[in-house]
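What follows is a short report on a single structure.
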Amino acid sequence: MSVLSFLPEGSVHACCVAWNGEGVLISGPPGSGKSELALRLMDAGFDLVADDRVLLDGAVASAPERLAGLIEVRGVGVLRTSFVTNARVRLRVCLGEGQPRLPEPCRDPWTGAVMLRLEPGFPGTVARIRAALMACCGTYEWVAGAGENVAET
């Protein structure tokens with residue numbers, strides 16, 4: 001399991017997007033594709049919360065003031081976009097750690113969110129993240145896998 005490194009100002013090196021106010025925290029080592037995955041999720045209708053550094057207050061994510069609304073698009077530059085000021089983290093996606101077919105239930109120690117280990121370039125990653133978030137929020141019922149005990153919390 002990767003560990004989120006806490007940086008100055010109480011932030012973590014990660015990205016965060018939201019769907020209807022429900023957050024997806026994307027973590028991984030430098031160069032693992034966090035911003036690229038956030039951009040693909042935004043292209044699919046998610047809202048940016050924060051790119052590169054995320055402030056966490058329990059399970060609530062927000063952007064540091066100087067980075068609010070900014071996303072780095074590799075090969076393009078740093079772009080300003082609309083953003084959500086904060087979101088409750090319901091799902092944490094860990095990049096660069098392999099991708100088990102049927103993962104064991106796992107919770108993020110900082111936010112309590114369900115944790116998934118995914119490879120960002122794998123086909124269907126955006127759809128899998130949306131389905132997992134819907135299961136975390138109760139739209140789908142989680143029967144087995146990373147969040148099978150969601151209803152118990």
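As shown in the structure tokens, the chain order sets the letters A, B, ...; within each chain, residues go from 1, and ligands are also counted from 1 in the order they appear.
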Quiz item: If you count only C-alpha atoms, which residues fall within 12 Å of Ala132 (chain A), apart from same-chain ones fewer than 2 positions away, as a PyMOL selection string?
Solution: chain A and resi 19+22-24+90-93+113-118+125-130+134-148+150
Self-check item: Exercise: Leu70 (chain A) partners within 10 Å, only C-alpha atoms, chain neighbours under 2 positions left out, as a list of chain:residue names
Solution: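 Residues near the query, excluding close chain neighbours: A:Leu48, A:Val49, A:Ala50, A:Asp51, A:Asp52, A:Ala63, A:Arg66, A:Leu67, A:Ala68, A:Glu72, A:Val73, A:Val78, A:Leu79, A:Arg80, A:Thr81, A:Ser82, A:Phe83.
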Output for the residues just chosen: C-alpha atoms as a short mmCIF file (atom, residue, chain, number, x, y, z; two decimals), in the first residue's frame:
data_model
loop_
_atom_site.label_atom_id
_atom_site.label_comp_id
_atom_site.auth_asym_id
_atom_site.auth_seq_id
_atom_site.Cartn_x
_atom_site.Cartn_y
_atom_site.Cartn_z
CA LEU A 48 -11.77 19.39 -10.58
CA VAL A 49 -11.20 19.82 -6.86
CA ALA A 50 -7.38 20.00 -6.83
CA ASP A 51 -4.38 19.00 -8.91
CA ASP A 52 -0.90 18.16 -7.59
CA ALA A 63 -7.21 22.90 -3.17
CA ARG A 66 -2.65 29.35 -4.95
CA LEU A 67 -3.44 26.17 -6.94
CA ALA A 68 -7.25 26.43 -6.96
CA GLU A 72 -1.22 20.68 -15.40
CA VAL A 73 -1.75 19.05 -18.78
CA VAL A 78 -0.97 24.72 -16.86
CA LEU A 79 -4.63 25.55 -17.49
CA ARG A 80 -7.22 27.35 -15.38
CA THR A 81 -10.66 25.75 -15.18
CA SER A 82 -13.76 25.80 -13.03
CA PHE A 83 -13.46 23.80 -9.81
#
Quiz item: Can you list every residue in chain A that DSSP puts in strand (DSSP E), as a VMD selection string?
Solution: chain A and resid 6 to 7 11 to 13 15 to 19 22 to 27 47 to 50 53 to 57 60 to 62 70 to 73 77 to 80 87 to 95 114 to 118
Quiz item: What lies within 12 Å of Ala14 (chain A) using only C-alpha atoms, ignoring chain neighbours under 4 positions off, as a VMD selection string?
Solution: chain A and resid 2 to 7 24 to 38 49 to 56 61 to 64 71 92 to 95
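For the atom pair formed by CA of Pro109 (chain A) and CA of Glu97 (chain A), the distance is 17.0 Å, given to one decimal.
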Quiz item: Near Gly45 (chain A), within 10 Å and counting only C-alpha atoms, which residues show up once chain neighbours fewer than 5 positions away are dropped, as a list in words?
Solution: Val17, Ala18, Trp19, Asn20, Leu39 and Arg40 of chain A
Suppose we keep all heavy atoms; can you now write the selection as a CSV table (one decimal), in the first residue's frame?
chain,number,residue,atom,x,y,z
A,17,VAL,N,-10.9,14.9,-7.9
A,17,VAL,CA,-12.1,15.3,-8.7
A,17,VAL,C,-13.3,14.9,-8.0
A,17,VAL,O,-13.3,14.1,-7.0
A,17,VAL,CB,-12.0,14.6,-10.1
A,17,VAL,CG1,-10.8,15.1,-10.9
A,17,VAL,CG2,-12.0,13.1,-10.0
A,18,ALA,N,-14.4,15.4,-8.4
A,18,ALA,CA,-15.7,15.1,-7.7
A,18,ALA,C,-16.8,14.9,-8.7
A,18,ALA,O,-16.8,15.5,-9.8
A,18,ALA,CB,-16.1,16.3,-6.8
A,19,TRP,N,-17.8,14.1,-8.3
A,19,TRP,CA,-19.0,13.9,-9.1
A,19,TRP,C,-20.1,14.2,-8.1
A,19,TRP,O,-20.3,13.5,-7.1
A,19,TRP,CB,-19.0,12.4,-9.6
A,19,TRP,CG,-20.2,12.1,-10.4
A,19,TRP,CD1,-21.4,11.6,-10.0
A,19,TRP,CD2,-20.3,12.2,-11.8
A,19,TRP,NE1,-22.3,11.4,-11.0
A,19,TRP,CE2,-21.6,11.8,-12.2
A,19,TRP,CE3,-19.5,12.6,-12.8
A,19,TRP,CZ2,-22.1,11.7,-13.5
A,19,TRP,CZ3,-19.9,12.5,-14.1
A,19,TRP,CH2,-21.2,12.1,-14.4
A,20,ASN,N,-20.9,15.2,-8.4
A,20,ASN,CA,-22.0,15.6,-7.5
A,20,ASN,C,-21.5,15.8,-6.1
A,20,ASN,O,-22.2,15.4,-5.2
A,20,ASN,CB,-23.2,14.6,-7.6
A,20,ASN,CG,-23.8,14.6,-8.9
A,20,ASN,OD1,-23.9,15.6,-9.6
A,20,ASN,ND2,-24.3,13.4,-9.3
A,39,LEU,N,-7.7,14.6,-15.6
A,39,LEU,CA,-8.2,15.2,-16.9
A,39,LEU,C,-9.2,14.3,-17.6
A,39,LEU,O,-10.2,14.8,-18.1
A,39,LEU,CB,-7.0,15.5,-17.7
A,39,LEU,CG,-7.3,16.3,-19.0
A,39,LEU,CD1,-7.8,17.7,-18.7
A,39,LEU,CD2,-6.0,16.4,-19.9
A,40,ARG,N,-8.9,13.0,-17.7
A,40,ARG,CA,-9.9,12.1,-18.4
A,40,ARG,C,-11.2,12.0,-17.6
A,40,ARG,O,-12.3,12.0,-18.2
A,40,ARG,CB,-9.3,10.7,-18.5
A,40,ARG,CG,-8.2,10.7,-19.6
A,40,ARG,CD,-7.8,9.3,-20.0
A,40,ARG,NE,-7.0,8.7,-19.0
A,40,ARG,CZ,-7.0,7.4,-18.5
A,40,ARG,NH1,-7.9,6.6,-19.1
A,40,ARG,NH2,-6.2,7.0,-17.6
Quiz item: Tell me, which residues of chain A carry DSSP helix (DSSP H, G or I), written as a ChimeraX atom specification?
Solution: /A:8-10,34-43,65-67,125-136,150-152
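Nearest residue to Phe46 (chain A) among A:Pro105, A:Gly21, A:Ala59, A:Asn149 is A:Gly21, counting only C-alpha atoms.
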Quiz item: Just how far from CA of Glu119 (chain A) is CA of Pro103 (chain A), in Å to one decimal?
Solution: 13.5 Å
